[in-house]
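Participant: One structure, as structure tokens, below. Some questions next.
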Amino acid sequence: MAVPGTFLPPVLILLLLLLCGLGPWVECVFFNEEYMTCRWGSRETLAANYSLYYWYENRSPVVECKHYLQDQDINIGCHFNRSETVQFQPFRVLLNASLGGRTLEVHSKRMELQDLVKPEAPVNLTVRNMSGNQLQLTWSSPYSKAHCLEHSVKYKSNKDTSWTVGEHRANGDIFSLPSVDYEKFYTFYVRSKINGYCGSTQLWSEWSVPVVWGNNSTSKGTAEEQLRWFWIHTVLIPIASCLLLMVLVILLVRMERVWVILMPRIPNPIKNFDELFSTHNGNFQEWAGVPKDVVESFKPNYSENICYVSELPPKDSYEPLWEGSNHPPSVTPGSPAAPREHSPYKNSYLGV
């Protein structure tokens, strides 16, 4: 059950919005003194379908808009032909709507057409190369009263990061750039508005179509550079990204094979020796199948005969031993004794 007093009717909500300044607000623009439009919102911001009425201060009849601008059957503005406007005559606008059985009205302030003029953007922009490294920019305006216009020019070279904006308030349609760099490529824009002598509007026109200036080599180099960057950003980079993605997918699928190629594993022979430790308890000869007699032949044999060695006593002279006799041969008297032969060995050893 709803609590009494918590529901606000749509009329009260709209009145609160109007009091807070959030309701529809009429904005009229006189485009190039050819036609005028008055807008007061959009379908999303309007709570009711308004009708527009206007009148001039020196004329008493109140006239309703003949050409409504609509958004899904909701009136959001009014279009006035040139014949429906009277220049230099102040006028007022009234918005009227019905909501919940009550009438809602929104009154505009006093307006004058000369303060609502928004000229069209300048056309026919031309750049001329003058003496002393100067450039001269000229243009024309579709607005019939060119003496009532002031202009704003913005320009930038291909090496600048921000626009240079300068106001040109003279009656003419000429702008001079005192010094230029022939190695740069310049871009110019122009817009216009009614000056303070003809009105108090703050409505600037849209920026004109740009005009460019630069020598042939600069413009050619700039075009080639832009074309090269276009191909790099729109063709080369996407293709390279797709190829890289495909390579990554293939590497992911065949990662094990790639790791084997890039980082070969050291062979582990433990699988070939499982039977050596599990069945033969580390006995290599038994595991290798070596015959027992061959194994026994490699074992040491300690049953060999012992060789006894003795040392003979020292003697003053060396007396050789002769086979088959224990005495030295006799010496014939008178015959010279055989010279003694010195032996390098003092001791003799006999094997038993």
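Going through the structure tokens in order, the chains are called A, B, and so on, while each chain numbers its residues from 1 and the ligands are numbered from 1 in the order shown.
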Could you go through range 91-315 of chain A and tell me which residues DSSP, when run on the backbone, assigns to helix (DSSP H, G or I), listing them as number ranges by chain?
Facilitator: A: 113-115, 146-148, 216-253, 255-262, 269-278, 284-288, 292-297
Participant: Would you kindly return, as a PyMOL selection string, each protein, DNA or RNA residue with an atom no farther than 9 Å from any atom of Asp71 in chain A, considering only C-alpha atoms and excluding same-chain residues fewer than 3 positions away?
Facilitator: chain A and resi 42-43+74-76
Participant: Could the residues in this selection be saved with N, CA and C atoms as a JSON list (two decimals), in the first residue's frame?
Facilitator:
[["chain", "number", "residue", "atom", "x", "y", "z"],
["A", 42, "SER", "N", 14.56, 17.84, -26.69],
["A", 42, "SER", "CA", 14.47, 16.60, -27.45],
["A", 42, "SER", "C", 13.39, 15.71, -26.85],
["A", 43, "ARG", "N", 13.11, 14.62, -27.50],
["A", 43, "ARG", "CA", 12.05, 13.74, -27.03],
["A", 43, "ARG", "C", 12.37, 13.17, -25.64],
["A", 74, "ILE", "N", 6.92, 14.05, -31.50],
["A", 74, "ILE", "CA", 7.04, 15.03, -30.42],
["A", 74, "ILE", "C", 7.67, 16.29, -31.00],
["A", 75, "ASN", "N", 7.01, 17.44, -30.78],
["A", 75, "ASN", "CA", 7.53, 18.71, -31.28],
["A", 75, "ASN", "C", 8.77, 19.12, -30.49],
["A", 76, "ILE", "N", 9.87, 19.32, -31.22],
["A", 76, "ILE", "CA", 11.12, 19.74, -30.55],
["A", 76, "ILE", "C", 11.62, 21.07, -31.10]]
Participant: If we count only C-alpha atoms and set the cut-off at 8 Å, which residues sit around Asn124 in chain A, ignoring sequence neighbours fewer than 3 positions away in its own chain? Please answer as an MDAnalysis selection string.
Facilitator: chainID A and resid 138:140
Participant: If we count only C-alpha atoms and set the cut-off at 12 Å, which residues sit around Trp40 in chain A, ignoring sequence neighbours fewer than 5 positions away in its own chain? Please answer as a compact mmCIF listing (two decimals) with C-alpha atoms, in the first residue's frame.
Facilitator:
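Written output follows (part_20.txt):
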# COMPACT_ATOMS: atom_id res chain seq x y z
CA LEU A 22 15.42 22.36 -15.88
CA GLY A 23 12.41 22.66 -18.15
CA PRO A 24 12.34 23.51 -21.87
CA TRP A 25 14.28 26.58 -22.90
CA VAL A 26 13.82 28.18 -26.33
CA GLU A 27 16.94 28.78 -28.43
CA CYS A 28 16.48 30.54 -31.76
CA VAL A 29 19.13 30.85 -34.51
CA THR A 45 13.93 15.67 -22.16
CA LEU A 46 10.36 16.77 -22.84
CA ALA A 47 7.51 15.70 -20.58
CA ALA A 48 4.81 17.17 -22.83
CA ASN A 49 4.19 17.99 -26.49
CA TYR A 50 4.55 21.77 -26.77
CA SER A 51 3.19 24.19 -29.34
CA LEU A 52 5.00 27.40 -30.24
CA TYR A 68 7.25 21.99 -36.56
CA LEU A 69 10.44 19.98 -36.18
CA GLN A 70 9.50 16.62 -34.68
CA ASP A 71 11.21 13.65 -33.13
CA ILE A 74 7.04 15.03 -30.42
CA ASN A 75 7.53 18.71 -31.28
CA ILE A 76 11.12 19.74 -30.55
CA GLY A 77 11.40 22.90 -32.69
CA CYS A 78 9.95 25.24 -35.26
CA VAL A 93 8.00 33.23 -28.18
CA LEU A 94 5.52 31.25 -26.06
CA LEU A 95 5.53 27.49 -25.54
CA ASN A 96 2.19 25.98 -24.63
CA VAL A 106 6.99 28.82 -21.10
CA HIS A 107 7.71 32.44 -22.03
CA SER A 108 10.92 33.49 -23.76
Participant: As number ranges by chain, please: every residue in range 51-236 of chain A that DSSP puts in strand (DSSP E).
Facilitator: A: 51-56, 63-64, 68-71, 74-80, 91-99, 102-107, 117-118, 123-130, 134-140, 149-157, 164-168, 174-177, 186-194, 211-213
Participant: Between CA of Thr187 in chain A and CA of Gly166 in chain A, what is the distance in Å, rounded to a tenth?
Facilitator: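 Between CA of Thr187 in chain A and CA of Gly166 in chain A the gap works out to 13.8 Å.
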Participant: Could you pull the residues within 8 Å of Glu33 in chain A, counting only C-alpha atoms, minus those fewer than 6 positions along the same chain, as a VMD selection string?
Facilitator: chain A and resid 82 117 to 119
Participant: Which residues are close to range 264-276 of chain A, i.e. within 9 Å by only C-alpha atoms, leaving aside same-chain residues fewer than 5 positions away? Reply as an NGL selection string.
Facilitator: :A and (259 or 281-284 or 286-288)
Participant: Can I get the selected residues back with C-alpha atoms, as a short mmCIF file (atom, residue, chain, number, x, y, z; two decimals), in the first residue's frame?
Facilitator:
data_model
loop_
_atom_site.label_atom_id
_atom_site.label_comp_id
_atom_site.auth_asym_id
_atom_site.auth_seq_id
_atom_site.Cartn_x
_atom_site.Cartn_y
_atom_site.Cartn_z
CA TRP A 259 61.31 -27.74 -26.13
CA ASN A 281 70.95 -56.81 -6.72
CA GLY A 282 73.65 -54.86 -8.50
CA ASN A 283 75.68 -57.90 -9.62
CA PHE A 284 76.98 -56.63 -12.94
CA GLU A 286 75.48 -61.87 -13.41
CA TRP A 287 73.36 -59.23 -15.13
CA ALA A 288 75.74 -59.06 -18.11
#
Participant: If you measure from CA of Cys198 in chain A to CA of Cys148 in chain A, what distance in Å do you get, rounded to one decimal?
Facilitator: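 Distance between the two atoms: 5.7 Å.
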Participant: A:Thr201, A:Ser152, A:Ser98, A:Gln89: which is nearest Arg110 in chain A, counting only C-alpha atoms?
Facilitator: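 That would be A:Gln89, the residue with the smallest distance to Arg110 in chain A.
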Participant: May I ask for the distance between CA of Val165 in chain A and CA of Arg191 in chain A, given in Å to one decimal place?
Facilitator: 10.8 Å
Participant: Quick one: of A:Tyr35, A:Tyr155, A:Tyr186, A:Trp231, who's nearest to Thr85 in chain A, counting only C-alpha atoms?
Facilitator: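 Distance minimum relative to Thr85 in chain A lands on A:Tyr35.
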Participant: As an NGL selection string, please: the residues near range 203-216 of chain A (cut-off 9 Å, only C-alpha atoms, same-chain neighbours under 5 positions excluded).
Facilitator: :A and (29 or 115-128 or 151 or 181-194 or 221)
Participant: Find the residue from A:His147, A:His79, A:Arg102, A:Lys292 that sits nearest to Phe31 in chain A; use only C-alpha atoms when measuring.
Facilitator: A:His79
